[in-house]
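K.L.:
First, the structure itself, so that you have it in front of you.
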Amino acid sequence: MVTTVRSFLTHAVQLEREAARRYEELSASMGTEGNRELKEFFGRMAHYSRLHLADAVARGGFRELPTLAPHEFEWPDGVSPETAGWAGVDAQMSPLDALVLALDGERSGHAYYAAVAASSTDAELRAMAGEFAEEEADHVRQIEKLISQCQV
């Protein structure tokens with residue numbers, strides 16, 4: 001588990017970069033399927049991930065964030081929360097399947113940030129990870145709402 005703000009931000013940058021890519025794939029897939037509502041939703045989610053990525057970079061400020069090789073990241077179970085279980089977009093993926101895939105990624109991202117916040121003894125890191133966790137929790141709620149409507 002990460003223990004410094006610098007390490008946390010390095011991980012957050014990678015996590016949000018992966019989330020943006022995942023949402024771009026889902027958006028393109030739903031566009032191909034003719035589901036404009038989900039295409040736009042996933043496009044917005046990709047945008048939010050890029051904003052979160054920019055926020056993580058900006059919070060680095062004077063801290064130079066390292067570039068890590070994939071094996072150097074300290075992810076739970078050895079894999080990024082945003083890519084755990086990600087097999088990519090299936091050409092036959094239904095809107096519900098796409099939402100469930102997105103929900104899994106957001107729940108994993110939330111759990112990661114929440115775990116860092118809960119385990120850190122550093123007040124700045126705890127607060128920062130808590131903010132990131134709350135943003136992910138909001139994404140979870142948005143996706144759960146769409147799933148409950150099942151009209152997308």
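Residues in the structure tokens are named by chain (A, B, ... in the order shown) and by number from 1 within that chain; ligands are numbered from 1 in the order shown.
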Could you find all residues in chain A that DSSP calls helix (DSSP H, G or I) from the backbone, and write them as a PyMOL selection string?
P.N.:
chain A and resi 5-32+36-60+70-72+76-78+95-119+123-149
K.L.:
Quick one: everything within 7 Å of Glu16 (chain A), counting only C-alpha atoms, minus sequence neighbours fewer than 6 positions away in the same chain. Send it as an MDAnalysis selection string.
P.N.:
chainID A and resid 49:50 52:53
K.L.:
So that each row is one residue of region 2-100 of chain A with an atom at most 10 Å from region 119-140 of chain A, can you give its shortest atom pair and the distance in Å to one decimal, using only C-alpha atoms, rows by chain and rising number, as JSON lines?
P.N.:
{"residue": "A:Val2", "atom": "CA", "partner": "A:Ser120", "partner_atom": "CA", "distance": 8.4}
{"residue": "A:Thr3", "atom": "CA", "partner": "A:Ser120", "partner_atom": "CA", "distance": 6.4}
{"residue": "A:Thr4", "atom": "CA", "partner": "A:Leu125", "partner_atom": "CA", "distance": 6.7}
{"residue": "A:Val5", "atom": "CA", "partner": "A:Leu125", "partner_atom": "CA", "distance": 5.3}
{"residue": "A:Arg6", "atom": "CA", "partner": "A:Leu125", "partner_atom": "CA", "distance": 9.0}
{"residue": "A:Ser7", "atom": "CA", "partner": "A:Leu125", "partner_atom": "CA", "distance": 9.7}
{"residue": "A:Phe8", "atom": "CA", "partner": "A:Leu125", "partner_atom": "CA", "distance": 7.5}
{"residue": "A:Leu9", "atom": "CA", "partner": "A:Ala129", "partner_atom": "CA", "distance": 9.2}
{"residue": "A:Ala12", "atom": "CA", "partner": "A:Phe132", "partner_atom": "CA", "distance": 8.7}
{"residue": "A:Met45", "atom": "CA", "partner": "A:His139", "partner_atom": "CA", "distance": 8.1}
{"residue": "A:Tyr48", "atom": "CA", "partner": "A:His139", "partner_atom": "CA", "distance": 9.4}
{"residue": "A:Ser49", "atom": "CA", "partner": "A:Glu136", "partner_atom": "CA", "distance": 9.7}
{"residue": "A:His52", "atom": "CA", "partner": "A:Phe132", "partner_atom": "CA", "distance": 8.2}
{"residue": "A:Asp55", "atom": "CA", "partner": "A:Phe132", "partner_atom": "CA", "distance": 9.9}
{"residue": "A:Ala56", "atom": "CA", "partner": "A:Phe132", "partner_atom": "CA", "distance": 9.3}
{"residue": "A:Arg59", "atom": "CA", "partner": "A:Met128", "partner_atom": "CA", "distance": 9.3}
K.L.:
Mind dumping the selected residues with C-alpha atoms as a PDB file, in the first residue's frame?
P.N.:
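What follows is the written file part36.pdb:
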ATOM      1  CA  VAL A   2       1.270   3.457  -0.800  1.00  0.00           C
ATOM      2  CA  THR A   3       2.385   5.533   2.174  1.00  0.00           C
ATOM      3  CA  THR A   4       3.432   8.891   0.720  1.00  0.00           C
ATOM      4  CA  VAL A   5       1.579  11.611  -1.163  1.00  0.00           C
ATOM      5  CA  ARG A   6       4.078  11.345  -4.023  1.00  0.00           C
ATOM      6  CA  SER A   7       3.512   7.612  -4.366  1.00  0.00           C
ATOM      7  CA  PHE A   8      -0.253   8.044  -4.069  1.00  0.00           C
ATOM      8  CA  LEU A   9      -0.322  10.649  -6.833  1.00  0.00           C
ATOM      9  CA  ALA A  12      -3.675   7.967  -9.058  1.00  0.00           C
ATOM     10  CA  MET A  45     -16.980   9.588 -17.599  1.00  0.00           C
ATOM     11  CA  TYR A  48     -14.113  13.141 -15.627  1.00  0.00           C
ATOM     12  CA  SER A  49     -11.273  10.617 -15.470  1.00  0.00           C
ATOM     13  CA  HIS A  52      -9.136  13.599 -12.129  1.00  0.00           C
ATOM     14  CA  ASP A  55      -5.941  17.080 -10.702  1.00  0.00           C
ATOM     15  CA  ALA A  56      -3.520  14.361  -9.569  1.00  0.00           C
ATOM     16  CA  ARG A  59      -1.472  18.214  -6.862  1.00  0.00           C
TER      17      ARG A  59
END
K.L.:
Quick one: which region 7-95 of chain A residues come within 8 Å of region 105-111 of chain A, and what is the nearest atom pair for each with the distance in Å to one decimal, counting only C-alpha atoms, rows ordered by chain and ascending number, as CSV?
P.N.:
residue,atom,partner,partner_atom,distance
A:Leu15,CA,A:Gly109,CA,7.6
A:Ala19,CA,A:Gly105,CA,7.8
A:Pro81,CA,A:Ser108,CA,5.0
A:Glu82,CA,A:Gly105,CA,4.9
A:Thr83,CA,A:Gly105,CA,7.0
A:Ala84,CA,A:Gly105,CA,7.5
K.L.:
Using only C-alpha atoms, can you tell me which of A:Glu24, A:Gln149, A:Arg17, A:Gly60 comes closest to Gly43 (chain A)?
P.N.:
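Residue with the minimum atom-to-atom distance to Gly43 (chain A): A:Glu24.
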K.L.:
Between A:Gly88, A:Gly61, A:Pro66, A:Pro95, which one has atoms that come closest to Gly31 (chain A), using only C-alpha atoms?
P.N.:
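Among A:Gly88, A:Gly61, A:Pro66, A:Pro95, it is A:Pro95 that comes nearest to Gly31 (chain A).
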K.L.:
Residues within 12 Å of Leu96 (chain A), please, as a VMD selection string. Count only C-alpha atoms; anything in the same chain fewer than 2 positions from it doesn't count.
P.N.:
chain A and resid 26 30 35 38 92 to 94 98 to 103 143 to 152
K.L.:
Once you have the residues from the selection above, write them out as a compact mmCIF listing (two decimals), in the first residue's frame, restricted to N, CA and C atoms.
P.N.:
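Printed below is part_7.txt as written:
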# COMPACT_ATOMS: atom_id res chain seq x y z
N LEU A 26 -15.63 2.06 -24.01
CA LEU A 26 -17.06 1.82 -23.79
C LEU A 26 -17.91 2.81 -24.58
N MET A 30 -20.63 1.75 -27.45
CA MET A 30 -22.04 2.10 -27.39
C MET A 30 -22.45 2.96 -28.59
N ASN A 35 -26.38 3.35 -29.24
CA ASN A 35 -26.92 3.80 -27.96
C ASN A 35 -26.29 5.15 -27.63
N LEU A 38 -25.78 6.16 -23.75
CA LEU A 38 -24.61 5.57 -23.09
C LEU A 38 -23.31 6.02 -23.72
N GLN A 92 -20.35 -7.80 -28.90
CA GLN A 92 -21.75 -8.15 -28.63
C GLN A 92 -22.22 -7.64 -27.26
N MET A 93 -21.45 -6.75 -26.66
CA MET A 93 -21.75 -6.27 -25.32
C MET A 93 -23.05 -5.46 -25.31
N SER A 94 -23.94 -5.83 -24.39
CA SER A 94 -25.19 -5.09 -24.24
C SER A 94 -24.93 -3.84 -23.40
N ALA A 98 -22.12 -3.36 -20.43
CA ALA A 98 -21.17 -2.25 -20.40
C ALA A 98 -21.24 -1.51 -19.08
N LEU A 99 -22.45 -1.28 -18.59
CA LEU A 99 -22.61 -0.59 -17.30
C LEU A 99 -22.05 -1.42 -16.15
N VAL A 100 -22.28 -2.72 -16.18
CA VAL A 100 -21.77 -3.59 -15.11
C VAL A 100 -20.24 -3.60 -15.14
N LEU A 101 -19.66 -3.63 -16.33
CA LEU A 101 -18.20 -3.57 -16.45
C LEU A 101 -17.67 -2.26 -15.89
N ALA A 102 -18.33 -1.16 -16.23
CA ALA A 102 -17.93 0.16 -15.72
C ALA A 102 -18.09 0.22 -14.20
N LEU A 103 -19.17 -0.34 -13.69
CA LEU A 103 -19.41 -0.34 -12.25
C LEU A 103 -18.32 -1.11 -11.51
N ILE A 143 -23.60 5.22 -11.98
CA ILE A 143 -23.74 3.98 -12.76
C ILE A 143 -24.83 3.10 -12.16
N GLU A 144 -24.88 3.00 -10.85
CA GLU A 144 -25.94 2.20 -10.22
C GLU A 144 -27.32 2.74 -10.58
N LYS A 145 -27.45 4.05 -10.67
CA LYS A 145 -28.73 4.66 -11.04
C LYS A 145 -29.11 4.25 -12.47
N LEU A 146 -28.16 4.30 -13.39
CA LEU A 146 -28.44 3.89 -14.76
C LEU A 146 -28.82 2.40 -14.84
N ILE A 147 -28.11 1.59 -14.06
CA ILE A 147 -28.42 0.15 -14.06
C ILE A 147 -29.83 -0.06 -13.53
N SER A 148 -30.20 0.66 -12.48
CA SER A 148 -31.54 0.47 -11.90
C SER A 148 -32.65 0.90 -12.85
N GLN A 149 -32.34 1.83 -13.74
CA GLN A 149 -33.33 2.29 -14.72
C GLN A 149 -33.47 1.29 -15.87
N CYS A 150 -32.40 0.58 -16.16
CA CYS A 150 -32.37 -0.45 -17.22
C CYS A 150 -33.09 -0.04 -18.50
N GLN A 151 -33.03 1.25 -18.82
CA GLN A 151 -33.65 1.72 -20.05
C GLN A 151 -32.62 2.36 -20.97
N VAL A 152 -31.38 2.03 -20.74
CA VAL A 152 -30.32 2.63 -21.54
C VAL A 152 -29.91 1.71 -22.66
